[in-house]
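Participant: Please find one structure pasted underneath; my questions will follow.
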Amino acid sequence: MLRLAPGWKDAWQRPDGTIPAVGAHRRHSKGARMPPTAETTHDVVVLGGGSGGYACALRAAQLGMSVALVEKDLLGGTCLHRGCIPTKALLHAAEVADAARDAGQFGVRATLTGIDMPAVTAYREGVVGRLHKGLQGLVRASRMDYVEGEGRLEDGTTVVVGDRRLVGRRVVLATGSYARTLPGLEIGGRVMTSDEALGLDHVPDRVVVLGGGVIGVELASVMRSFGADVTIVEALPRLVAAEEPAVSKALERAFRKRGITVRTGIRFDAVKDDGDSVTVRLDGGDELVSDILLVAVGRGPVTDGLGYAEAGVTLEGGFVVTDERCRTSTDSVYAVGDIVPGLQLAHRGFAQGIFVAEDIAGLNPAPVVESTIPRVTYCDPEVASVGLTEEQARAAHGEEVQTVEYNLGGNGKSQILRTAGFVKLVRVKDGPVVGVHMVGSRIGEQVGEAQLVVGWEAHPEDVAGLVHAHPTQNEALGEAHLALAGKPLHAHN
């Protein structure tokens with residue numbers, strides 16, 4: 001049974017003073033068609049069926065509210081169909097290729113004869129298809145109104161989809177993001193983003209990746225594992241520049257060992273696609289000839305032409321400005337996910353969507369704290385982190401900051417996997433751990449404990465007392481905390 005918090009009446013009261021029952025306006029099950037001119041009142045109208053949008057819609061339905069969820073493309077959005085899931089399926093296929101190629105190191109006779117891209121695509125699409133089918137089932141079971149079509153915000157309570165007007169007591173904007181490009185760099189032919197790269201039916205011999213952020217290094221890792229010669233061009237001084245500098249250095253070293261060329265601190269100037277190859281000219285005049293150019297320069301918010309500004313929603317650089325409770329400048333309108341400034345991560349969208357549904361229901365949930373959101377880059381080696389870097393910690397806490405770096409050379413499971421890397425901890429002196437930064441094969445699986453450490457403001461001494469299973473990479477987190485607590489075991493103090 002739904003329990004609403006004190007004060008919820010103020011938020012839901014009609015002009016005549018009466019209070020509608022939450023969910024009282026639920027009229028249509030999924031698939032039911034409303035008359036073209038009908039104005040159906042819902043408790044919540046969600047514009048966008050990606051990670052943040054469907055999470056909000058499902059949670060709101062669980063809480064007894066009537067919900068309309070509007071999606072112009074496929075339920076699940078970018079994450080499920082063009083981002084997180086398909087790219088990680090590619091990365092797993094790449095890991096299998098590397099395992100076959102390197103099998104002799106482990107005494108296993110195996111030969112990698114090539115990559116069957118149509119078969120890889122079938123595997124990837126199978127994963128996506130199963131998850132999509134499951135998600136469709138959840139939406140059907142919730143009995144929300146799932147509206148297929150392109151929606152536009154008309155005012156603070158109304159979303160228009162074709163000739164239909166959906167009126168909600170609250171509206172949640174969750175229209176996601178798109179793959180950016182650079183001025184003068186048109187996508188097409190041999191110049192493509194991650195979206196088009198998913199459609200490749202063969203492995204190119206040569207690949208230039210423009211951008212050394214998360215998406216760029218993941219694509220570079222896949223293509224190298226599949227056998228392509230790969231060059232990364234990044235304008236900033238280092239790869240994954242939002243991460244701890246030591247992590248960037250370790251990743252660049254590992255990439256060079258894998259045969260990936262890394263060119264940082266240099267800008268793109270121009271590109272020429274002659275049909276047979278693409279030539280990338282860099283600042284300074286250097287030219288790189290490649291079979292394809294993968295453009296991975298970040299993602300932009302999908303907010304243009306959707307009526308946001310006209311409805312009074314404040315935008316900055318195309319992003320929707322919100323407060324810590326995801327409320328926009330327009331009464332009754334919330335925004336979640338990639339259109340809100342901050343980390344563009346699916347799990348951030350999930351968390352914000354759930355938060356907003358509970359906030360609308362009057363449950364007074366705690367806001368999502370950006371610094372406690374875990375981040376994982378799924379290249380080989382993987383990068384995982386949560387919390388503040390050492391530089392950020394010193395900016396916030398002055399010189400009262402301590403760090404330790406535990407090398408995976410002392411970790412048994414990492415040696416079994418033949419991976420190099422480390423775990424770096426950042427703490428406030430005599431206080432909690434405020435940052436965990438890791439690099440190494442499969443290390444992303446350890447970010448769950450790292451998130452708990454940072455989110456619960458644990459001290460190194462608290463974690464040092466916990467027993468970590470042997471031999472696991474999880475031990476590396478335990479060993480790092482032992483070292484920071486002043487009692488290292490398989491590490492030099």
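Each chain in the structure tokens gets a letter, A, B, ..., in the order shown, and its residues are numbered from 1; ligands are numbered from 1 in order too.
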Using the chain letters and numbers from this document, which residues of segment 197-305 of chain A does DSSP assign to strand (DSSP E or B), as a PyMOL selection string?
Facilitator: chain A and resi 206-210+229-234+261-264+268-273+278-282+287-290+292-295+299-301
Participant: Please provide the set of residues having any atom within 7 Å of segment 188-201 of chain A, restricted to only C-alpha atoms, with same-chain residues fewer than 5 positions apart removed, written as JSON, numbers by chain.
Facilitator: {"A": [82, 117, 118, 179, 273, 278, 291, 292, 293, 294, 295, 296]}
Participant: I'd like the neighbourhood of Arg206 of chain A as a PDB file with C-alpha atoms, in the first residue's frame, where a residue qualifies if any of its atoms comes within 7 Å (using only C-alpha atoms), though same-chain residues fewer than 2 positions away should be ignored.
Facilitator:
ATOM      1  CA  PRO A 204      38.544  -2.503 -41.004  1.00  0.00           C
ATOM      2  CA  VAL A 208      41.430   6.258 -36.353  1.00  0.00           C
ATOM      3  CA  ALA A 228      42.645  -3.557 -36.665  1.00  0.00           C
ATOM      4  CA  ASP A 229      45.546  -1.112 -36.487  1.00  0.00           C
ATOM      5  CA  VAL A 230      44.215   1.621 -34.200  1.00  0.00           C
ATOM      6  CA  SER A 290      42.578   5.104 -42.381  1.00  0.00           C
ATOM      7  CA  ASP A 291      39.736   2.893 -43.534  1.00  0.00           C
ATOM      8  CA  ILE A 292      37.311   4.522 -41.120  1.00  0.00           C
TER       9      ILE A 292
END
Participant: Calculated over only C-alpha atoms, which of the candidates A:Gly149, A:Pro367, A:Gly107, A:Gly259 has the smallest distance to Gln352 of chain A?
Facilitator: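 So, comparing all the options, the nearest one is A:Pro367.
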Participant: Give me, as a PyMOL selection string, all polymer residues having an atom no more than 8 Å from segment 152-157 of chain A, counting only C-alpha atoms and skipping those fewer than 3 positions away in the same chain.
Facilitator: chain A and resi 160-161+167-171+305-308+310-312+330-333
Participant: Could those residues be written to a file, using N, CA and C atoms, as a PDB file, in the first residue's frame?
Facilitator:
ATOM      1  N   VAL A 160       2.393  16.860 -26.131  1.00  0.00           N
ATOM      2  CA  VAL A 160       1.635  16.602 -27.345  1.00  0.00           C
ATOM      3  C   VAL A 160       2.362  15.536 -28.157  1.00  0.00           C
ATOM      4  N   VAL A 161       1.629  14.506 -28.550  1.00  0.00           N
ATOM      5  CA  VAL A 161       2.169  13.434 -29.386  1.00  0.00           C
ATOM      6  C   VAL A 161       1.248  13.307 -30.595  1.00  0.00           C
ATOM      7  N   VAL A 167      -2.033  15.128 -20.535  1.00  0.00           N
ATOM      8  CA  VAL A 167      -1.958  16.118 -19.465  1.00  0.00           C
ATOM      9  C   VAL A 167      -1.596  15.405 -18.166  1.00  0.00           C
ATOM     10  N   GLY A 168      -0.508  15.834 -17.565  1.00  0.00           N
ATOM     11  CA  GLY A 168      -0.050  15.206 -16.326  1.00  0.00           C
ATOM     12  C   GLY A 168       0.018  16.190 -15.188  1.00  0.00           C
ATOM     13  N   ARG A 169      -0.199  15.703 -13.974  1.00  0.00           N
ATOM     14  CA  ARG A 169      -0.004  16.576 -12.807  1.00  0.00           C
ATOM     15  C   ARG A 169       1.471  16.907 -12.651  1.00  0.00           C
ATOM     16  N   ARG A 170       2.314  15.981 -13.093  1.00  0.00           N
ATOM     17  CA  ARG A 170       3.744  16.235 -13.176  1.00  0.00           C
ATOM     18  C   ARG A 170       4.233  15.711 -14.523  1.00  0.00           C
ATOM     19  N   VAL A 171       5.213  16.392 -15.083  1.00  0.00           N
ATOM     20  CA  VAL A 171       5.846  15.971 -16.334  1.00  0.00           C
ATOM     21  C   VAL A 171       7.321  15.731 -16.052  1.00  0.00           C
ATOM     22  N   GLY A 305      14.092  21.695 -30.234  1.00  0.00           N
ATOM     23  CA  GLY A 305      12.848  21.516 -30.966  1.00  0.00           C
ATOM     24  C   GLY A 305      11.770  20.760 -30.232  1.00  0.00           C
ATOM     25  N   LEU A 306      11.937  20.564 -28.930  1.00  0.00           N
ATOM     26  CA  LEU A 306      10.950  19.798 -28.158  1.00  0.00           C
ATOM     27  C   LEU A 306      10.072  20.681 -27.286  1.00  0.00           C
ATOM     28  N   GLY A 307      10.199  22.010 -27.452  1.00  0.00           N
ATOM     29  CA  GLY A 307       9.327  22.937 -26.749  1.00  0.00           C
ATOM     30  C   GLY A 307       9.728  23.269 -25.334  1.00  0.00           C
ATOM     31  N   TYR A 308      10.902  22.837 -24.929  1.00  0.00           N
ATOM     32  CA  TYR A 308      11.303  23.048 -23.538  1.00  0.00           C
ATOM     33  C   TYR A 308      11.411  24.537 -23.198  1.00  0.00           C
ATOM     34  N   GLU A 310      10.261  27.112 -24.783  1.00  0.00           N
ATOM     35  CA  GLU A 310       8.984  27.800 -24.960  1.00  0.00           C
ATOM     36  C   GLU A 310       8.055  27.576 -23.780  1.00  0.00           C
ATOM     37  N   ALA A 311       8.213  26.440 -23.112  1.00  0.00           N
ATOM     38  CA  ALA A 311       7.388  26.137 -21.942  1.00  0.00           C
ATOM     39  C   ALA A 311       7.980  26.725 -20.660  1.00  0.00           C
ATOM     40  N   GLY A 312       9.091  27.453 -20.794  1.00  0.00           N
ATOM     41  CA  GLY A 312       9.681  28.107 -19.633  1.00  0.00           C
ATOM     42  C   GLY A 312      10.770  27.329 -18.939  1.00  0.00           C
ATOM     43  N   THR A 330      10.421  25.290 -14.382  1.00  0.00           N
ATOM     44  CA  THR A 330       8.983  25.311 -14.629  1.00  0.00           C
ATOM     45  C   THR A 330       8.268  24.452 -13.593  1.00  0.00           C
ATOM     46  N   ASP A 331       7.282  25.036 -12.927  1.00  0.00           N
ATOM     47  CA  ASP A 331       6.533  24.290 -11.923  1.00  0.00           C
ATOM     48  C   ASP A 331       5.985  23.003 -12.516  1.00  0.00           C
ATOM     49  N   SER A 332       6.074  21.949 -11.785  1.00  0.00           N
ATOM     50  CA  SER A 332       5.542  20.621 -12.113  1.00  0.00           C
ATOM     51  C   SER A 332       6.366  19.862 -13.142  1.00  0.00           C
ATOM     52  N   VAL A 333       7.506  20.406 -13.605  1.00  0.00           N
ATOM     53  CA  VAL A 333       8.336  19.721 -14.603  1.00  0.00           C
ATOM     54  C   VAL A 333       9.675  19.314 -13.975  1.00  0.00           C
TER      55      VAL A 333
END
Participant: Could you pull the residues within 10 Å of Ile260 of chain A, counting only C-alpha atoms, minus those fewer than 2 positions along the same chain, as a PDB file with N, CA and C atoms, in the first residue's frame?
Facilitator:
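Listed below is the output, around-v9.pdb:
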ATOM      1  N   ALA A 220      38.247   1.828 -29.392  1.00  0.00           N
ATOM      2  CA  ALA A 220      39.622   1.510 -29.775  1.00  0.00           C
ATOM      3  C   ALA A 220      40.008   0.124 -29.285  1.00  0.00           C
ATOM      4  N   SER A 221      39.594  -0.217 -28.067  1.00  0.00           N
ATOM      5  CA  SER A 221      39.920  -1.513 -27.493  1.00  0.00           C
ATOM      6  C   SER A 221      39.281  -2.638 -28.295  1.00  0.00           C
ATOM      7  N   MET A 223      38.276  -2.600 -31.504  1.00  0.00           N
ATOM      8  CA  MET A 223      38.850  -2.706 -32.842  1.00  0.00           C
ATOM      9  C   MET A 223      40.243  -3.326 -32.822  1.00  0.00           C
ATOM     10  N   ARG A 224      41.018  -3.009 -31.793  1.00  0.00           N
ATOM     11  CA  ARG A 224      42.345  -3.618 -31.693  1.00  0.00           C
ATOM     12  C   ARG A 224      42.238  -5.115 -31.411  1.00  0.00           C
ATOM     13  N   ALA A 228      42.372  -4.786 -35.914  1.00  0.00           N
ATOM     14  CA  ALA A 228      42.645  -3.557 -36.665  1.00  0.00           C
ATOM     15  C   ALA A 228      43.859  -2.827 -36.091  1.00  0.00           C
ATOM     16  N   ASP A 229      44.534  -2.063 -36.950  1.00  0.00           N
ATOM     17  CA  ASP A 229      45.546  -1.112 -36.487  1.00  0.00           C
ATOM     18  C   ASP A 229      44.814   0.145 -36.041  1.00  0.00           C
ATOM     19  N   VAL A 230      45.025   0.557 -34.794  1.00  0.00           N
ATOM     20  CA  VAL A 230      44.215   1.621 -34.200  1.00  0.00           C
ATOM     21  C   VAL A 230      45.084   2.781 -33.745  1.00  0.00           C
ATOM     22  N   THR A 231      44.617   3.990 -34.063  1.00  0.00           N
ATOM     23  CA  THR A 231      45.238   5.222 -33.561  1.00  0.00           C
ATOM     24  C   THR A 231      44.175   6.068 -32.881  1.00  0.00           C
ATOM     25  N   ILE A 232      44.452   6.507 -31.650  1.00  0.00           N
ATOM     26  CA  ILE A 232      43.555   7.412 -30.929  1.00  0.00           C
ATOM     27  C   ILE A 232      44.135   8.825 -30.992  1.00  0.00           C
ATOM     28  N   GLU A 252      47.268   4.364 -20.856  1.00  0.00           N
ATOM     29  CA  GLU A 252      48.053   4.658 -22.059  1.00  0.00           C
ATOM     30  C   GLU A 252      49.201   3.671 -22.218  1.00  0.00           C
ATOM     31  N   ARG A 253      49.848   3.338 -21.119  1.00  0.00           N
ATOM     32  CA  ARG A 253      50.943   2.366 -21.168  1.00  0.00           C
ATOM     33  C   ARG A 253      50.434   1.000 -21.640  1.00  0.00           C
ATOM     34  N   ALA A 254      49.293   0.578 -21.105  1.00  0.00           N
ATOM     35  CA  ALA A 254      48.716  -0.710 -21.496  1.00  0.00           C
ATOM     36  C   ALA A 254      48.292  -0.707 -22.961  1.00  0.00           C
ATOM     37  N   PHE A 255      47.709   0.398 -23.417  1.00  0.00           N
ATOM     38  CA  PHE A 255      47.289   0.492 -24.811  1.00  0.00           C
ATOM     39  C   PHE A 255      48.483   0.409 -25.760  1.00  0.00           C
ATOM     40  N   ARG A 256      49.553   1.104 -25.416  1.00  0.00           N
ATOM     41  CA  ARG A 256      50.740   1.058 -26.280  1.00  0.00           C
ATOM     42  C   ARG A 256      51.314  -0.363 -26.314  1.00  0.00           C
ATOM     43  N   LYS A 257      51.251  -1.052 -25.179  1.00  0.00           N
ATOM     44  CA  LYS A 257      51.727  -2.432 -25.140  1.00  0.00           C
ATOM     45  C   LYS A 257      50.872  -3.321 -26.036  1.00  0.00           C
ATOM     46  N   ARG A 258      49.604  -2.991 -26.180  1.00  0.00           N
ATOM     47  CA  ARG A 258      48.704  -3.738 -27.056  1.00  0.00           C
ATOM     48  C   ARG A 258      48.860  -3.359 -28.524  1.00  0.00           C
ATOM     49  N   VAL A 262      48.682   6.072 -29.465  1.00  0.00           N
ATOM     50  CA  VAL A 262      47.980   7.107 -28.710  1.00  0.00           C
ATOM     51  C   VAL A 262      48.641   8.447 -28.983  1.00  0.00           C
ATOM     52  N   ARG A 263      47.858   9.397 -29.495  1.00  0.00           N
ATOM     53  CA  ARG A 263      48.359  10.748 -29.762  1.00  0.00           C
ATOM     54  C   ARG A 263      47.491  11.730 -28.982  1.00  0.00           C
TER      55      ARG A 263
END
Participant: Let me make sure I understand: among A:Ile416, A:Ala483, A:Val207, A:Ile354, which one has the smallest atom-to-atom distance to Arg59 of chain A if we use only C-alpha atoms?
Facilitator: A:Ile354
Participant: Residues within 9 Å of Gly431 of chain A, please, as a PyMOL selection string. Count only C-alpha atoms; anything in the same chain fewer than 2 positions from it doesn't count.
Facilitator: chain A and resi 427-429+433-434+457-460
Participant: Would you mind exporting the chosen residues as a PDB file, in the first residue's frame, restricted to N, CA and C atoms?
Facilitator:
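What ended up in again-v6.pdb:
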ATOM      1  N   ARG A 427      41.813   9.551   0.963  1.00  0.00           N
ATOM      2  CA  ARG A 427      41.057   9.773   2.197  1.00  0.00           C
ATOM      3  C   ARG A 427      41.363  11.145   2.774  1.00  0.00           C
ATOM      4  N   VAL A 428      40.448  11.639   3.601  1.00  0.00           N
ATOM      5  CA  VAL A 428      40.717  12.801   4.430  1.00  0.00           C
ATOM      6  C   VAL A 428      41.485  12.303   5.651  1.00  0.00           C
ATOM      7  N   LYS A 429      42.544  13.002   6.026  1.00  0.00           N
ATOM      8  CA  LYS A 429      43.365  12.557   7.148  1.00  0.00           C
ATOM      9  C   LYS A 429      42.506  12.323   8.386  1.00  0.00           C
ATOM     10  N   VAL A 433      37.300   7.577   3.534  1.00  0.00           N
ATOM     11  CA  VAL A 433      37.778   7.444   2.160  1.00  0.00           C
ATOM     12  C   VAL A 433      36.823   8.229   1.268  1.00  0.00           C
ATOM     13  N   VAL A 434      37.350   9.129   0.453  1.00  0.00           N
ATOM     14  CA  VAL A 434      36.506   9.966  -0.404  1.00  0.00           C
ATOM     15  C   VAL A 434      36.677   9.649  -1.882  1.00  0.00           C
ATOM     16  N   GLU A 457      30.877   6.635   3.706  1.00  0.00           N
ATOM     17  CA  GLU A 457      31.920   7.408   4.383  1.00  0.00           C
ATOM     18  C   GLU A 457      32.721   6.540   5.345  1.00  0.00           C
ATOM     19  N   ALA A 458      33.113   5.362   4.857  1.00  0.00           N
ATOM     20  CA  ALA A 458      33.886   4.439   5.684  1.00  0.00           C
ATOM     21  C   ALA A 458      35.325   4.919   5.851  1.00  0.00           C
ATOM     22  N   HIS A 459      35.908   4.647   7.002  1.00  0.00           N
ATOM     23  CA  HIS A 459      37.322   4.905   7.234  1.00  0.00           C
ATOM     24  C   HIS A 459      38.121   3.673   6.786  1.00  0.00           C
ATOM     25  N   PRO A 460      39.383   3.846   6.426  1.00  0.00           N
ATOM     26  CA  PRO A 460      40.195   2.688   6.038  1.00  0.00           C
ATOM     27  C   PRO A 460      40.208   1.605   7.114  1.00  0.00           C
TER      28      PRO A 460
END
Participant: A:Gly412, A:Gly227, A:Gly212, A:Gly353: which is nearest Thr113 of chain A, counting only C-alpha atoms?
Facilitator: A:Gly227
Participant: Quick one: pick out all alpha helix (DSSP H) residues within segment 286-415 of chain A from a backbone DSSP run and write them as a list in words.
Facilitator: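 The residues of segment 286-415 of chain A classed as alpha helix (DSSP H) are Ala346, His347, Arg348, Gly349, Phe350, Ala351, Gln352, Gly353, Ile354, Phe355, Val356, Ala357, Glu358, Asp359, Ile360, Glu390, Glu391, Gln392, Ala393, Arg394, Ala395, Ala396, His397, Gly412, Lys413, Ser414 and Gln415 of chain A.
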Participant: Give me the residues within 12 Å of Asp359 of chain A as a PDB file with N, CA and C atoms, in the first residue's frame, counting only C-alpha atoms and dropping any in the same chain fewer than 2 places off.
Facilitator:
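Generated output (result.pdb):
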ATOM      1  N   LEU A   4       1.928   8.048   1.590  1.00  0.00           N
ATOM      2  CA  LEU A   4       2.404   9.357   1.176  1.00  0.00           C
ATOM      3  C   LEU A   4       2.863  10.160   2.391  1.00  0.00           C
ATOM      4  N   ALA A   5       3.914  10.950   2.163  1.00  0.00           N
ATOM      5  CA  ALA A   5       4.512  11.710   3.255  1.00  0.00           C
ATOM      6  C   ALA A   5       3.638  12.898   3.641  1.00  0.00           C
ATOM      7  N   GLY A   7       2.366  16.563   4.013  1.00  0.00           N
ATOM      8  CA  GLY A   7       2.540  17.701   3.120  1.00  0.00           C
ATOM      9  C   GLY A   7       2.231  17.398   1.674  1.00  0.00           C
ATOM     10  N   TRP A   8       1.909  16.113   1.381  1.00  0.00           N
ATOM     11  CA  TRP A   8       1.663  15.769  -0.017  1.00  0.00           C
ATOM     12  C   TRP A   8       0.413  16.449  -0.561  1.00  0.00           C
ATOM     13  N   ALA A  11       0.872  19.576  -2.621  1.00  0.00           N
ATOM     14  CA  ALA A  11       1.390  19.384  -3.968  1.00  0.00           C
ATOM     15  C   ALA A  11       0.320  18.885  -4.927  1.00  0.00           C
ATOM     16  N   VAL A  44       1.452  11.283 -13.820  1.00  0.00           N
ATOM     17  CA  VAL A  44       2.789  11.577 -14.338  1.00  0.00           C
ATOM     18  C   VAL A  44       2.821  11.289 -15.839  1.00  0.00           C
ATOM     19  N   CYS A  56      11.640   5.891 -14.094  1.00  0.00           N
ATOM     20  CA  CYS A  56      10.692   6.778 -13.427  1.00  0.00           C
ATOM     21  C   CYS A  56       9.262   6.268 -13.614  1.00  0.00           C
ATOM     22  N   ARG A  59       8.620   2.997 -11.567  1.00  0.00           N
ATOM     23  CA  ARG A  59       8.528   3.241 -10.124  1.00  0.00           C
ATOM     24  C   ARG A  59       7.245   3.995  -9.793  1.00  0.00           C
ATOM     25  N   ALA A  60       6.875   4.967 -10.619  1.00  0.00           N
ATOM     26  CA  ALA A  60       5.635   5.714 -10.380  1.00  0.00           C
ATOM     27  C   ALA A  60       4.431   4.782 -10.441  1.00  0.00           C
ATOM     28  N   LEU A  63       4.075   2.785  -7.373  1.00  0.00           N
ATOM     29  CA  LEU A  63       3.577   3.587  -6.260  1.00  0.00           C
ATOM     30  C   LEU A  63       2.102   3.945  -6.426  1.00  0.00           C
ATOM     31  N   ARG A 170       2.314  15.981 -13.093  1.00  0.00           N
ATOM     32  CA  ARG A 170       3.744  16.235 -13.176  1.00  0.00           C
ATOM     33  C   ARG A 170       4.233  15.711 -14.523  1.00  0.00           C
ATOM     34  N   VAL A 172       7.852  14.638 -16.569  1.00  0.00           N
ATOM     35  CA  VAL A 172       9.265  14.313 -16.403  1.00  0.00           C
ATOM     36  C   VAL A 172       9.919  14.256 -17.777  1.00  0.00           C
ATOM     37  N   GLU A 324      18.904  20.090  -7.002  1.00  0.00           N
ATOM     38  CA  GLU A 324      19.350  18.763  -6.571  1.00  0.00           C
ATOM     39  C   GLU A 324      18.221  17.737  -6.558  1.00  0.00           C
ATOM     40  N   ARG A 325      16.973  18.221  -6.617  1.00  0.00           N
ATOM     41  CA  ARG A 325      15.825  17.320  -6.630  1.00  0.00           C
ATOM     42  C   ARG A 325      15.261  17.138  -8.035  1.00  0.00           C
ATOM     43  N   CYS A 326      16.091  17.459  -9.032  1.00  0.00           N
ATOM     44  CA  CYS A 326      15.749  17.264 -10.447  1.00  0.00           C
ATOM     45  C   CYS A 326      14.569  18.118 -10.892  1.00  0.00           C
ATOM     46  N   ARG A 327      14.258  19.195 -10.172  1.00  0.00           N
ATOM     47  CA  ARG A 327      13.171  20.094 -10.543  1.00  0.00           C
ATOM     48  C   ARG A 327      13.699  21.173 -11.474  1.00  0.00           C
ATOM     49  N   SER A 332       6.074  21.949 -11.785  1.00  0.00           N
ATOM     50  CA  SER A 332       5.542  20.621 -12.113  1.00  0.00           C
ATOM     51  C   SER A 332       6.366  19.862 -13.142  1.00  0.00           C
ATOM     52  N   TYR A 334       9.992  18.031 -14.082  1.00  0.00           N
ATOM     53  CA  TYR A 334      11.264  17.477 -13.645  1.00  0.00           C
ATOM     54  C   TYR A 334      12.080  17.089 -14.879  1.00  0.00           C
ATOM     55  N   GLN A 352      18.058   8.652 -10.825  1.00  0.00           N
ATOM     56  CA  GLN A 352      17.293   9.898 -10.844  1.00  0.00           C
ATOM     57  C   GLN A 352      15.822   9.640 -11.162  1.00  0.00           C
ATOM     58  N   GLY A 353      15.566   8.703 -12.076  1.00  0.00           N
ATOM     59  CA  GLY A 353      14.178   8.390 -12.414  1.00  0.00           C
ATOM     60  C   GLY A 353      13.411   7.856 -11.218  1.00  0.00           C
ATOM     61  N   ILE A 354      14.019   6.920 -10.494  1.00  0.00           N
ATOM     62  CA  ILE A 354      13.383   6.366  -9.296  1.00  0.00           C
ATOM     63  C   ILE A 354      13.190   7.459  -8.252  1.00  0.00           C
ATOM     64  N   PHE A 355      14.222   8.292  -8.074  1.00  0.00           N
ATOM     65  CA  PHE A 355      14.143   9.388  -7.115  1.00  0.00           C
ATOM     66  C   PHE A 355      12.967  10.308  -7.421  1.00  0.00           C
ATOM     67  N   VAL A 356      12.822  10.699  -8.691  1.00  0.00           N
ATOM     68  CA  VAL A 356      11.757  11.641  -9.062  1.00  0.00           C
ATOM     69  C   VAL A 356      10.381  11.032  -8.821  1.00  0.00           C
ATOM     70  N   ALA A 357      10.200   9.758  -9.172  1.00  0.00           N
ATOM     71  CA  ALA A 357       8.908   9.112  -8.927  1.00  0.00           C
ATOM     72  C   ALA A 357       8.559   9.147  -7.440  1.00  0.00           C
ATOM     73  N   ALA A 361       5.612  11.276  -5.368  1.00  0.00           N
ATOM     74  CA  ALA A 361       4.687  10.586  -4.461  1.00  0.00           C
ATOM     75  C   ALA A 361       4.741  11.125  -3.037  1.00  0.00           C
ATOM     76  N   GLY A 362       5.647  12.060  -2.768  1.00  0.00           N
ATOM     77  CA  GLY A 362       5.734  12.646  -1.444  1.00  0.00           C
ATOM     78  C   GLY A 362       6.514  11.835  -0.441  1.00  0.00           C
ATOM     79  N   LEU A 363       7.369  10.917  -0.927  1.00  0.00           N
ATOM     80  CA  LEU A 363       8.126  10.061  -0.016  1.00  0.00           C
ATOM     81  C   LEU A 363       9.394  10.730   0.507  1.00  0.00           C
ATOM     82  N   ASN A 364       9.725  11.898  -0.004  1.00  0.00           N
ATOM     83  CA  ASN A 364      10.886  12.667   0.440  1.00  0.00           C
ATOM     84  C   ASN A 364      12.187  11.858   0.398  1.00  0.00           C
ATOM     85  N   PRO A 365      12.529  11.273  -0.765  1.00  0.00           N
ATOM     86  CA  PRO A 365      13.769  10.496  -0.864  1.00  0.00           C
ATOM     87  C   PRO A 365      14.994  11.393  -0.810  1.00  0.00           C
ATOM     88  N   ALA A 366      16.133  10.816  -0.449  1.00  0.00           N
ATOM     89  CA  ALA A 366      17.389  11.561  -0.450  1.00  0.00           C
ATOM     90  C   ALA A 366      17.843  11.771  -1.890  1.00  0.00           C
ATOM     91  N   PRO A 367      18.323  12.967  -2.242  1.00  0.00           N
ATOM     92  CA  PRO A 367      18.783  13.233  -3.607  1.00  0.00           C
ATOM     93  C   PRO A 367      19.949  12.323  -3.997  1.00  0.00           C
ATOM     94  N   VAL A 368      20.116  12.112  -5.292  1.00  0.00           N
ATOM     95  CA  VAL A 368      21.234  11.337  -5.814  1.00  0.00           C
ATOM     96  C   VAL A 368      22.494  12.202  -5.732  1.00  0.00           C
TER      97      VAL A 368
END
